[in-house]
Amino acid sequence: MTELVSGSPAVETLSLRDYAEKAYLDYSMYVILDRALPNIGDGLKPVQRRIVYAMSELGLKANAKYKKSARTVGDVIGKFHPHGDSAAYEAMVLMAQDFSYRYPLVDGQGNWGSADDPKSFAAMRYTESKLTRYADVLLGELGQGTVDWQPNFDGSLEEPAVLPAQVPNILLNGTTGIAVGMATDIPPHNLREVVAAAVHMLEHPDANIDALCDCIQGPDFPTEAEIVTPQDDIRALYRTGRGSLKMRAAWSVEDGAIVVTALPYQVSGARVLEQIAQQMQAKKLPMVADLRDESDHEQPTRLVILPRSNRVDLDALMSHLFATSDLERSYRVNLNLIGIDGRPGVRNLEQILREWLSFRRTTVRRRLEYRLERVLRRLHILEGYLIAYLNIDEVIKIIREEDEPKAALMARFGLTDIQADAILDLKLRNLAKLEEMKIRGEQDELSAERDQLQQTLGNDDLLTTLIRDELLAVAEAHGDGRRSPLVVREEARAFSEIELTSSDPLTVVLSEKGWIRAAKGHDIDPEALSYKSGDGFKLAARGRSNMPTVVFDSTGRAYSLATHNLPSARGQGEPLTGRINPPSGATFEGLLTGSEQQRFLLASDAGYGFIARFADLQTKNKAGKAVLTLPKGARVLQPASVPDGTELLVAAATNEGRLLVFPLDDLPELARGKGNKIIGIPSAKAAAREEILVGVCVIGEQDILQVTAGRQHLKLKAADLANYRGERGRRGNRLPKGFQKVIALSVLPRG
């Protein structure tokens, strides 16, 4: 609402809400359009465009001498970009760093930062700069009527609204920016690949993303690190305009050491070494002995990682470092830019190239029309010159004697206003040197050019061919090979806590009351350890510190424990219930440890069992996982280890002195379940639990089976076991007299 107050100008009254909303929207659009997002035409943000234009106005072309950067920055902020000098200089530095820009626009002399520390550049009063040869691709057609001009911030000068780029610079150098409510992350690409895609679209206007991706393999960063994103993901990125990329450092092996020769885009070598050193100090990289930074002027990136021994798996080590350090980095891609309609938006690859080619076609047409206008104007003037030459004496006489020679010339020879002005503007010596042959020669040349321009402007196919040839010429002049190779690699995987643990021999001991501990070495007598009053030895398992431990409870559930974290056997251990959550009333009946692929025979005293791999028994759940299904009233037996070898046998004995031996292959390998019948027990005796399975072992050809009944021990060799061979699930044969009450089976060490 507007009010007129007596004696004062009009005052406009707005609600705070309306004012704040309008102010915020105005600010948002300013940041989006005039700061953060690039234009599809030249691929530049306003500050970058103004820097390049200001340098061209200062005459700082590629063949000029260097000039202090402070001079350029002064012109930029004083004439075109009324913001801070440090912000303008930083934008200028970025365009000069060959490790930041794929095709730098500024040629810098002095300290312009390093890949290790891009912000370490010298102040603008110390550095000097000029434009690169590539910058002429953006500026070469500027004065040829190709683009619109707009007043600068104070209206005293004019600046180009966009530069007449001859190639899709928006894809070549890429950019990042954060506006209000939107951002942009456009990766750089290879000039030859982008030109090939643009030419393909010119020749095949209905080309789709897949056809364009045959030309553009993917982004091409100014580093030789590998792009490990799968090709399907890259195509999906180009199809939607959004996605992510992964880059991985390039490395090789020299004299047993890992040498990193290229880092991902914008990754600091010092930072990578710091990350690896922190892991070494935390004892999370026991396989690395030393780090060295051997980077120099000739080799900007050379990081050396020395393994502790030649037995270290270097591929696994690098996979861990890729997963835990900046040796591998992800980059967000968001192809958000300002289109030729002045509107910001996310576009896919096809839309970007199609829209840029439309911009380029308009630019070339305007250039040709501008040139045609100049040619026609010159031909018109040459006609006047020819008239003047043929009547040189009379023209001179009119100029000398007439008070208004222009009107007299126009009346006498039928000249136009432009022709008369051109004749009068000639210096006397040039007037005298006018020669008919020179005039007619220039007329012929310009007439031929006029005809060619008119023909091109009137034929879309000729215009397309011209655009194509100019694109190929730029690619020939400024193109280079791909720097960032696209490689298929496995997903990086960090070492688990177990893998980083040293492999020391340990004996895990479990007491009757469920207290657990680990003693160093395998020569420990578990029964001789001290136990709490009323407690005693129950189970023991020999393994290594980097192998997990699995405990079975009386319900058939399995629980996983980190062996290297178990309390020392110097004390009496700690209760298992402090680390896991078994069901109420459950007791612990099984204990084992081994490698991931180690096999164990799991069985219940009801006479059922199966083979399971150690990896299938592990779980991160404190409540464990159900593995062995128990028949009613049955109990879990201590799992039996399956040794390496062929022709292995299963020996199973009941408490009534029956022994059955059969091939291990007759039992199934399962991840969980009840299993198959191992030995036959009459159902009546099984229901009354009068006869149960008391022991089960897996033995090889050279092993000795020991049967224990009370204090008596019976040792059976391979030949003796033949008397007890039978089919799985059979009743088995009776053991000799005195062994009718078997309490345990065990396998004696070979030899």
# chains A, B, ... in the order shown; residues from 1 in each chain; ligands from 1

$ select_by_dssp --residues "range 291-385 of chain A" --states "strand (DSSP E or B)" --output "PyMOL selection string"
chain A and resi 291-293+303-307+328-334+336-338+344-346

$ write_last_selection --atoms "C-alpha atoms" --output "PDB file, in the first residue's frame"
ATOM      1  CA  LEU A 291      56.133 -44.482   5.002  1.00  0.00           C
ATOM      2  CA  ARG A 292      58.093 -42.117   2.767  1.00  0.00           C
ATOM      3  CA  ASP A 293      57.185 -39.117   0.646  1.00  0.00           C
ATOM      4  CA  LEU A 303      54.356 -41.988  -1.900  1.00  0.00           C
ATOM      5  CA  VAL A 304      56.199 -45.117  -0.740  1.00  0.00           C
ATOM      6  CA  ILE A 305      54.620 -47.636   1.662  1.00  0.00           C
ATOM      7  CA  LEU A 306      57.029 -50.270   2.992  1.00  0.00           C
ATOM      8  CA  PRO A 307      55.455 -53.586   4.097  1.00  0.00           C
ATOM      9  CA  GLU A 328      39.977 -43.657  -2.804  1.00  0.00           C
ATOM     10  CA  ARG A 329      37.436 -40.847  -2.868  1.00  0.00           C
ATOM     11  CA  SER A 330      33.849 -40.434  -4.005  1.00  0.00           C
ATOM     12  CA  TYR A 331      32.682 -37.383  -5.945  1.00  0.00           C
ATOM     13  CA  ARG A 332      29.131 -36.164  -6.213  1.00  0.00           C
ATOM     14  CA  VAL A 333      27.870 -35.343  -9.722  1.00  0.00           C
ATOM     15  CA  ASN A 334      25.019 -32.888 -10.210  1.00  0.00           C
ATOM     16  CA  ASN A 336      22.964 -28.294 -12.641  1.00  0.00           C
ATOM     17  CA  LEU A 337      23.512 -25.234 -14.838  1.00  0.00           C
ATOM     18  CA  ILE A 338      21.889 -22.167 -16.370  1.00  0.00           C
ATOM     19  CA  PRO A 344      18.755 -23.085 -13.831  1.00  0.00           C
ATOM     20  CA  GLY A 345      18.103 -26.818 -13.914  1.00  0.00           C
ATOM     21  CA  VAL A 346      19.596 -30.310 -13.872  1.00  0.00           C
TER      22      VAL A 346
END

$ residues_around --residues "range 419-427 of chain A" --least-positions-apart "2" --cutoff "12 Å" --atoms "only C-alpha atoms" --output "ChimeraX atom specification"
/A:377-389,392,395-396,398-400,404-417,429-434

$ write_last_selection --atoms "N, CA, C and O atoms" --output "compact mmCIF listing (two decimals), in the first residue's frame"
# COMPACT_ATOMS: atom_id res chain seq x y z
N ARG A 377 28.96 -3.88 -46.63
CA ARG A 377 29.29 -2.47 -46.40
C ARG A 377 30.57 -2.10 -47.15
O ARG A 377 30.66 -1.04 -47.79
N ARG A 378 31.57 -3.01 -47.09
CA ARG A 378 32.84 -2.74 -47.78
C ARG A 378 32.65 -2.73 -49.29
O ARG A 378 33.24 -1.87 -49.99
N LEU A 379 31.86 -3.63 -49.82
CA LEU A 379 31.60 -3.64 -51.26
C LEU A 379 30.91 -2.34 -51.69
O LEU A 379 31.21 -1.79 -52.77
N HIS A 380 30.01 -1.88 -50.87
CA HIS A 380 29.32 -0.62 -51.17
C HIS A 380 30.31 0.53 -51.20
O HIS A 380 30.26 1.40 -52.10
N ILE A 381 31.23 0.55 -50.25
CA ILE A 381 32.24 1.61 -50.21
C ILE A 381 33.18 1.50 -51.40
O ILE A 381 33.58 2.51 -52.01
N LEU A 382 33.55 0.26 -51.77
CA LEU A 382 34.45 0.06 -52.91
C LEU A 382 33.82 0.57 -54.21
O LEU A 382 34.52 1.06 -55.10
N GLU A 383 32.52 0.43 -54.35
CA GLU A 383 31.84 0.99 -55.52
C GLU A 383 32.03 2.51 -55.58
O GLU A 383 32.27 3.09 -56.65
N GLY A 384 31.94 3.15 -54.40
CA GLY A 384 32.18 4.60 -54.35
C GLY A 384 33.62 4.94 -54.68
O GLY A 384 33.90 5.92 -55.39
N TYR A 385 34.58 4.11 -54.16
CA TYR A 385 36.00 4.33 -54.45
C TYR A 385 36.25 4.22 -55.96
O TYR A 385 37.05 4.99 -56.53
N LEU A 386 35.61 3.26 -56.59
CA LEU A 386 35.83 3.05 -58.02
C LEU A 386 35.32 4.26 -58.82
O LEU A 386 35.97 4.71 -59.78
N ILE A 387 34.18 4.79 -58.41
CA ILE A 387 33.66 6.01 -59.06
C ILE A 387 34.64 7.16 -58.87
O ILE A 387 34.94 7.93 -59.80
N ALA A 388 35.16 7.26 -57.64
CA ALA A 388 36.11 8.34 -57.36
C ALA A 388 37.38 8.18 -58.19
O ALA A 388 37.95 9.16 -58.68
N TYR A 389 37.88 6.95 -58.36
CA TYR A 389 39.09 6.72 -59.13
C TYR A 389 38.89 7.08 -60.60
O TYR A 389 39.75 7.71 -61.22
N ILE A 392 38.81 10.94 -60.77
CA ILE A 392 39.66 11.46 -59.70
C ILE A 392 39.86 12.96 -59.80
O ILE A 392 39.80 13.66 -58.78
N VAL A 395 36.66 14.77 -58.81
CA VAL A 395 36.40 14.60 -57.37
C VAL A 395 37.27 15.56 -56.58
O VAL A 395 36.81 16.24 -55.65
N ILE A 396 38.56 15.66 -56.96
CA ILE A 396 39.47 16.56 -56.25
C ILE A 396 39.03 18.01 -56.42
O ILE A 396 39.07 18.82 -55.48
N ILE A 398 35.98 19.11 -56.92
CA ILE A 398 34.77 19.36 -56.11
C ILE A 398 35.16 19.55 -54.65
O ILE A 398 34.66 20.45 -53.96
N ILE A 399 36.07 18.71 -54.17
CA ILE A 399 36.48 18.80 -52.77
C ILE A 399 37.16 20.14 -52.50
O ILE A 399 36.98 20.75 -51.44
N ARG A 400 37.97 20.63 -53.48
CA ARG A 400 38.71 21.88 -53.29
C ARG A 400 37.80 23.09 -53.39
O ARG A 400 37.98 24.07 -52.66
N GLU A 404 30.15 22.66 -49.75
CA GLU A 404 29.62 21.42 -49.18
C GLU A 404 29.94 20.29 -50.15
O GLU A 404 29.11 19.88 -50.97
N PRO A 405 31.17 19.81 -50.11
CA PRO A 405 31.61 18.81 -51.09
C PRO A 405 30.82 17.51 -51.00
O PRO A 405 30.63 16.83 -52.02
N LYS A 406 30.36 17.12 -49.81
CA LYS A 406 29.62 15.85 -49.67
C LYS A 406 28.35 15.87 -50.51
O LYS A 406 28.08 14.93 -51.29
N ALA A 407 27.57 16.95 -50.38
CA ALA A 407 26.32 17.04 -51.15
C ALA A 407 26.61 17.11 -52.63
O ALA A 407 25.88 16.52 -53.45
N ALA A 408 27.68 17.85 -53.00
CA ALA A 408 28.03 17.98 -54.41
C ALA A 408 28.43 16.64 -55.01
O ALA A 408 28.06 16.31 -56.14
N LEU A 409 29.25 15.86 -54.27
CA LEU A 409 29.66 14.54 -54.74
C LEU A 409 28.45 13.62 -54.91
O LEU A 409 28.34 12.89 -55.91
N MET A 410 27.54 13.65 -53.93
CA MET A 410 26.36 12.80 -53.99
C MET A 410 25.48 13.17 -55.18
O MET A 410 24.93 12.29 -55.87
N ALA A 411 25.38 14.50 -55.46
CA ALA A 411 24.54 14.95 -56.57
C ALA A 411 25.19 14.66 -57.91
O ALA A 411 24.52 14.24 -58.86
N ARG A 412 26.51 14.82 -57.99
CA ARG A 412 27.22 14.67 -59.26
C ARG A 412 27.34 13.20 -59.67
O ARG A 412 27.11 12.86 -60.83
N PHE A 413 27.70 12.32 -58.73
CA PHE A 413 28.00 10.92 -59.10
C PHE A 413 26.95 9.92 -58.58
O PHE A 413 27.12 8.71 -58.75
N GLY A 414 25.92 10.41 -57.91
CA GLY A 414 24.88 9.51 -57.39
C GLY A 414 25.37 8.64 -56.25
O GLY A 414 24.95 7.48 -56.12
N LEU A 415 26.27 9.19 -55.44
CA LEU A 415 26.82 8.44 -54.30
C LEU A 415 25.82 8.43 -53.14
O LEU A 415 25.00 9.33 -52.98
N THR A 416 25.94 7.40 -52.31
CA THR A 416 25.14 7.36 -51.07
C THR A 416 25.87 8.12 -49.99
O THR A 416 27.04 8.52 -50.13
N ASP A 417 25.19 8.32 -48.91
CA ASP A 417 25.78 9.04 -47.77
C ASP A 417 27.04 8.33 -47.27
O ASP A 417 28.05 8.96 -46.98
N ARG A 429 46.91 11.29 -49.87
CA ARG A 429 47.86 10.35 -50.48
C ARG A 429 47.16 9.04 -50.86
O ARG A 429 47.51 8.40 -51.85
N ASN A 430 46.17 8.62 -50.05
CA ASN A 430 45.43 7.40 -50.39
C ASN A 430 44.54 7.63 -51.60
O ASN A 430 44.33 6.73 -52.42
N LEU A 431 44.01 8.85 -51.70
CA LEU A 431 43.16 9.19 -52.83
C LEU A 431 43.97 9.13 -54.13
O LEU A 431 43.49 8.66 -55.15
N ALA A 432 45.20 9.55 -54.02
CA ALA A 432 46.07 9.56 -55.21
C ALA A 432 46.48 8.15 -55.59
O ALA A 432 46.76 7.86 -56.76
N LYS A 433 46.55 7.25 -54.59
CA LYS A 433 47.02 5.89 -54.86
C LYS A 433 45.90 4.93 -55.27
O LYS A 433 46.14 3.76 -55.48
N LEU A 434 44.69 5.44 -55.31
CA LEU A 434 43.60 4.57 -55.72
C LEU A 434 43.88 4.00 -57.11
O LEU A 434 44.18 4.73 -58.04

$ atom_distance --atom1 "CA of Thr593 in chain A" --atom2 "CA of Ala541 in chain A"
6.4 Å

$ select_by_dssp --residues "range 96-299 of chain A" --states "helix (DSSP H, G or I)" --output "VMD selection string"
chain A and resid 96 136 to 139 169 to 172 191 to 203 209 to 215 231 to 240 269 to 281

$ closest_residue --among "A:Leu37, A:Ala257, A:Ala122, A:Leu263" --to "Ile170 in chain A" --atoms "only C-alpha atoms"
A:Leu37

$ closest_atom_pairs --of "range 584-636 of chain A" --to "range 663-674 of chain A" --cutoff "6 Å" --atoms "only C-alpha atoms" --output "tab-separated table"
residue	atom	partner	partner_atom	distance
A:Phe610	CA	A:Pro668	CA	5.6
A:Ile611	CA	A:Glu669	CA	4.5
A:Ala612	CA	A:Leu670	CA	5.5
A:Asp616	CA	A:Ala671	CA	5.7
A:Val627	CA	A:Arg672	CA	4.4
A:Leu628	CA	A:Gly673	CA	5.3
A:Thr629	CA	A:Lys674	CA	4.5

$ residues_around --residues "Glu690 in chain A" --least-positions-apart "6" --cutoff "10 Å" --atoms "only C-alpha atoms" --output "VMD selection string"
chain A and resid 655 to 656 681 to 682 684

$ write_last_selection --atoms "N, CA, C and O atoms" --output "short mmCIF file (atom, residue, chain, number, x, y, z; two decimals), in the first residue's frame"
data_model
loop_
_atom_site.label_atom_id
_atom_site.label_comp_id
_atom_site.auth_asym_id
_atom_site.auth_seq_id
_atom_site.Cartn_x
_atom_site.Cartn_y
_atom_site.Cartn_z
N ASN A 655 26.74 -95.01 25.29
CA ASN A 655 27.13 -95.35 26.66
C ASN A 655 26.98 -96.84 26.95
O ASN A 655 27.46 -97.32 27.98
N GLU A 656 26.35 -97.61 26.07
CA GLU A 656 26.21 -99.05 26.27
C GLU A 656 27.29 -99.84 25.54
O GLU A 656 27.20 -101.06 25.39
N ILE A 681 19.80 -95.87 17.79
CA ILE A 681 19.47 -96.13 19.19
C ILE A 681 18.00 -96.52 19.23
O ILE A 681 17.15 -95.78 18.70
N PRO A 682 17.64 -97.68 19.84
CA PRO A 682 16.23 -98.06 19.91
C PRO A 682 15.38 -96.94 20.48
O PRO A 682 15.77 -96.27 21.43
N ALA A 684 12.73 -96.88 22.28
CA ALA A 684 12.34 -97.00 23.69
C ALA A 684 13.47 -96.55 24.59
O ALA A 684 13.27 -95.81 25.57
#

$ atom_distance --atom1 "CA of Asp535 in chain A" --atom2 "CA of Gln572 in chain A"
10.4 Å

$ residues_around --residues "Arg725 in chain A" --least-positions-apart "3" --cutoff "8 Å" --atoms "only C-alpha atoms" --output "PyMOL selection string"
chain A and resi 660-662+721-722+732

$ residues_around --residues "Glu449 in chain A" --least-positions-apart "4" --cutoff "8 Å" --atoms "only C-alpha atoms" --output "JSON, numbers by chain"
{"A": [375, 445, 453]}

$ write_last_selection --atoms "all heavy atoms" --output "mmCIF file, in the first residue's frame"
data_model
loop_
_atom_site.group_PDB
_atom_site.id
_atom_site.type_symbol
_atom_site.label_atom_id
_atom_site.label_comp_id
_atom_site.auth_asym_id
_atom_site.auth_seq_id
_atom_site.Cartn_x
_atom_site.Cartn_y
_atom_site.Cartn_z
ATOM 1 N N VAL A 375 31.012 -7.247 -45.054
ATOM 2 C CA VAL A 375 31.411 -7.444 -46.456
ATOM 3 C C VAL A 375 30.547 -6.587 -47.378
ATOM 4 O O VAL A 375 31.061 -5.914 -48.294
ATOM 5 C CB VAL A 375 31.310 -8.935 -46.835
ATOM 6 C CG1 VAL A 375 31.435 -9.115 -48.355
ATOM 7 C CG2 VAL A 375 32.390 -9.736 -46.122
ATOM 8 N N GLU A 445 37.247 -10.550 -54.427
ATOM 9 C CA GLU A 445 37.430 -11.380 -53.222
ATOM 10 C C GLU A 445 36.224 -11.275 -52.299
ATOM 11 O O GLU A 445 35.704 -12.280 -51.792
ATOM 12 C CB GLU A 445 38.699 -10.953 -52.485
ATOM 13 C CG GLU A 445 39.987 -11.291 -53.207
ATOM 14 C CD GLU A 445 41.209 -10.798 -52.451
ATOM 15 O OE1 GLU A 445 41.034 -10.298 -51.303
ATOM 16 O OE2 GLU A 445 42.322 -10.902 -52.985
ATOM 17 N N LEU A 453 29.074 -16.739 -47.824
ATOM 18 C CA LEU A 453 28.356 -16.470 -46.579
ATOM 19 C C LEU A 453 26.846 -16.606 -46.779
ATOM 20 O O LEU A 453 26.153 -17.213 -45.952
ATOM 21 C CB LEU A 453 28.696 -15.065 -46.072
ATOM 22 C CG LEU A 453 30.113 -14.861 -45.524
ATOM 23 C CD1 LEU A 453 30.380 -13.378 -45.278
ATOM 24 C CD2 LEU A 453 30.303 -15.642 -44.234
#

$ atom_distance --atom1 "CA of His320 in chain A" --atom2 "CA of Thr301 in chain A"
20.4 Å

$ closest_atom_pairs --of "range 120-168 of chain A" --to "range 52-63 of chain A" --cutoff "7 Å" --atoms "only C-alpha atoms" --output "tab-separated table"
residue	atom	partner	partner_atom	distance
A:Lys130	CA	A:Leu60	CA	4.8
A:Leu131	CA	A:Lys61	CA	5.1
A:Thr132	CA	A:Ala62	CA	5.0
A:Arg133	CA	A:Ala62	CA	5.3

$ closest_residue --among "A:Lys438, A:Arg635, A:Lys45, A:Lys520" --to "Ala179 in chain A" --atoms "only C-alpha atoms"
A:Lys45

$ decode --residues "range 530-540 of chain A" --atoms "all heavy atoms" --output "PDB file, in the first residue's frame"
ATOM      1  N   SER A 530      43.909 -72.620  38.000  1.00  0.00           N
ATOM      2  CA  SER A 530      43.131 -72.395  39.223  1.00  0.00           C
ATOM      3  C   SER A 530      41.713 -71.971  38.870  1.00  0.00           C
ATOM      4  O   SER A 530      41.490 -71.244  37.895  1.00  0.00           O
ATOM      5  CB  SER A 530      43.795 -71.312  40.079  1.00  0.00           C
ATOM      6  OG  SER A 530      43.783 -70.066  39.403  1.00  0.00           O
ATOM      7  N   TYR A 531      40.745 -72.456  39.611  1.00  0.00           N
ATOM      8  CA  TYR A 531      39.338 -72.131  39.394  1.00  0.00           C
ATOM      9  C   TYR A 531      38.731 -71.640  40.696  1.00  0.00           C
ATOM     10  O   TYR A 531      39.236 -71.929  41.792  1.00  0.00           O
ATOM     11  CB  TYR A 531      38.572 -73.361  38.893  1.00  0.00           C
ATOM     12  CG  TYR A 531      39.025 -73.827  37.525  1.00  0.00           C
ATOM     13  CD1 TYR A 531      40.088 -74.720  37.383  1.00  0.00           C
ATOM     14  CD2 TYR A 531      38.406 -73.360  36.383  1.00  0.00           C
ATOM     15  CE1 TYR A 531      40.511 -75.134  36.132  1.00  0.00           C
ATOM     16  CE2 TYR A 531      38.821 -73.774  35.122  1.00  0.00           C
ATOM     17  CZ  TYR A 531      39.871 -74.661  34.999  1.00  0.00           C
ATOM     18  OH  TYR A 531      40.292 -75.063  33.762  1.00  0.00           O
ATOM     19  N   LYS A 532      37.622 -70.946  40.572  1.00  0.00           N
ATOM     20  CA  LYS A 532      36.924 -70.469  41.749  1.00  0.00           C
ATOM     21  C   LYS A 532      36.416 -71.653  42.568  1.00  0.00           C
ATOM     22  O   LYS A 532      36.219 -72.751  42.054  1.00  0.00           O
ATOM     23  CB  LYS A 532      35.753 -69.557  41.350  1.00  0.00           C
ATOM     24  CG  LYS A 532      36.169 -68.184  40.857  1.00  0.00           C
ATOM     25  CD  LYS A 532      34.944 -67.328  40.553  1.00  0.00           C
ATOM     26  CE  LYS A 532      35.353 -65.918  40.169  1.00  0.00           C
ATOM     27  NZ  LYS A 532      35.925 -65.183  41.311  1.00  0.00           N
ATOM     28  N   SER A 533      36.169 -71.427  43.817  1.00  0.00           N
ATOM     29  CA  SER A 533      35.664 -72.481  44.691  1.00  0.00           C
ATOM     30  C   SER A 533      34.339 -73.007  44.156  1.00  0.00           C
ATOM     31  O   SER A 533      33.432 -72.239  43.822  1.00  0.00           O
ATOM     32  CB  SER A 533      35.468 -71.928  46.113  1.00  0.00           C
ATOM     33  OG  SER A 533      34.918 -72.914  46.955  1.00  0.00           O
ATOM     34  N   GLY A 534      34.239 -74.326  44.031  1.00  0.00           N
ATOM     35  CA  GLY A 534      33.027 -74.941  43.508  1.00  0.00           C
ATOM     36  C   GLY A 534      32.972 -74.995  42.001  1.00  0.00           C
ATOM     37  O   GLY A 534      31.988 -75.463  41.435  1.00  0.00           O
ATOM     38  N   ASP A 535      34.019 -74.519  41.342  1.00  0.00           N
ATOM     39  CA  ASP A 535      34.071 -74.522  39.880  1.00  0.00           C
ATOM     40  C   ASP A 535      35.222 -75.400  39.431  1.00  0.00           C
ATOM     41  O   ASP A 535      36.128 -75.739  40.212  1.00  0.00           O
ATOM     42  CB  ASP A 535      34.246 -73.092  39.365  1.00  0.00           C
ATOM     43  CG  ASP A 535      33.845 -72.946  37.900  1.00  0.00           C
ATOM     44  OD1 ASP A 535      33.407 -73.943  37.310  1.00  0.00           O
ATOM     45  OD2 ASP A 535      33.966 -71.823  37.366  1.00  0.00           O
ATOM     46  N   GLY A 536      35.229 -75.789  38.157  1.00  0.00           N
ATOM     47  CA  GLY A 536      36.305 -76.606  37.639  1.00  0.00           C
ATOM     48  C   GLY A 536      36.341 -76.565  36.128  1.00  0.00           C
ATOM     49  O   GLY A 536      35.505 -75.943  35.464  1.00  0.00           O
ATOM     50  N   PHE A 537      37.319 -77.287  35.563  1.00  0.00           N
ATOM     51  CA  PHE A 537      37.496 -77.309  34.112  1.00  0.00           C
ATOM     52  C   PHE A 537      36.353 -78.054  33.432  1.00  0.00           C
ATOM     53  O   PHE A 537      35.874 -79.070  33.929  1.00  0.00           O
ATOM     54  CB  PHE A 537      38.835 -77.977  33.775  1.00  0.00           C
ATOM     55  CG  PHE A 537      38.980 -78.320  32.326  1.00  0.00           C
ATOM     56  CD1 PHE A 537      39.217 -77.338  31.390  1.00  0.00           C
ATOM     57  CD2 PHE A 537      38.836 -79.643  31.895  1.00  0.00           C
ATOM     58  CE1 PHE A 537      39.340 -77.654  30.042  1.00  0.00           C
ATOM     59  CE2 PHE A 537      38.963 -79.959  30.551  1.00  0.00           C
ATOM     60  CZ  PHE A 537      39.217 -78.954  29.626  1.00  0.00           C
ATOM     61  N   LYS A 538      35.928 -77.519  32.264  1.00  0.00           N
ATOM     62  CA  LYS A 538      34.905 -78.200  31.477  1.00  0.00           C
ATOM     63  C   LYS A 538      35.343 -78.432  30.045  1.00  0.00           C
ATOM     64  O   LYS A 538      35.336 -79.553  29.563  1.00  0.00           O
ATOM     65  CB  LYS A 538      33.599 -77.407  31.502  1.00  0.00           C
ATOM     66  CG  LYS A 538      32.457 -78.126  30.789  1.00  0.00           C
ATOM     67  CD  LYS A 538      31.133 -77.432  31.005  1.00  0.00           C
ATOM     68  CE  LYS A 538      29.987 -78.257  30.403  1.00  0.00           C
ATOM     69  NZ  LYS A 538      28.677 -77.612  30.628  1.00  0.00           N
ATOM     70  N   LEU A 539      35.714 -77.356  29.315  1.00  0.00           N
ATOM     71  CA  LEU A 539      36.059 -77.484  27.902  1.00  0.00           C
ATOM     72  C   LEU A 539      37.281 -76.636  27.578  1.00  0.00           C
ATOM     73  O   LEU A 539      37.538 -75.615  28.231  1.00  0.00           O
ATOM     74  CB  LEU A 539      34.897 -77.034  27.009  1.00  0.00           C
ATOM     75  CG  LEU A 539      33.589 -77.835  27.098  1.00  0.00           C
ATOM     76  CD1 LEU A 539      32.488 -77.096  26.355  1.00  0.00           C
ATOM     77  CD2 LEU A 539      33.771 -79.233  26.530  1.00  0.00           C
ATOM     78  N   ALA A 540      38.020 -77.016  26.534  1.00  0.00           N
ATOM     79  CA  ALA A 540      39.156 -76.233  26.047  1.00  0.00           C
ATOM     80  C   ALA A 540      39.227 -76.362  24.533  1.00  0.00           C
ATOM     81  O   ALA A 540      38.822 -77.390  23.966  1.00  0.00           O
ATOM     82  CB  ALA A 540      40.464 -76.693  26.684  1.00  0.00           C
TER      83      ALA A 540
END
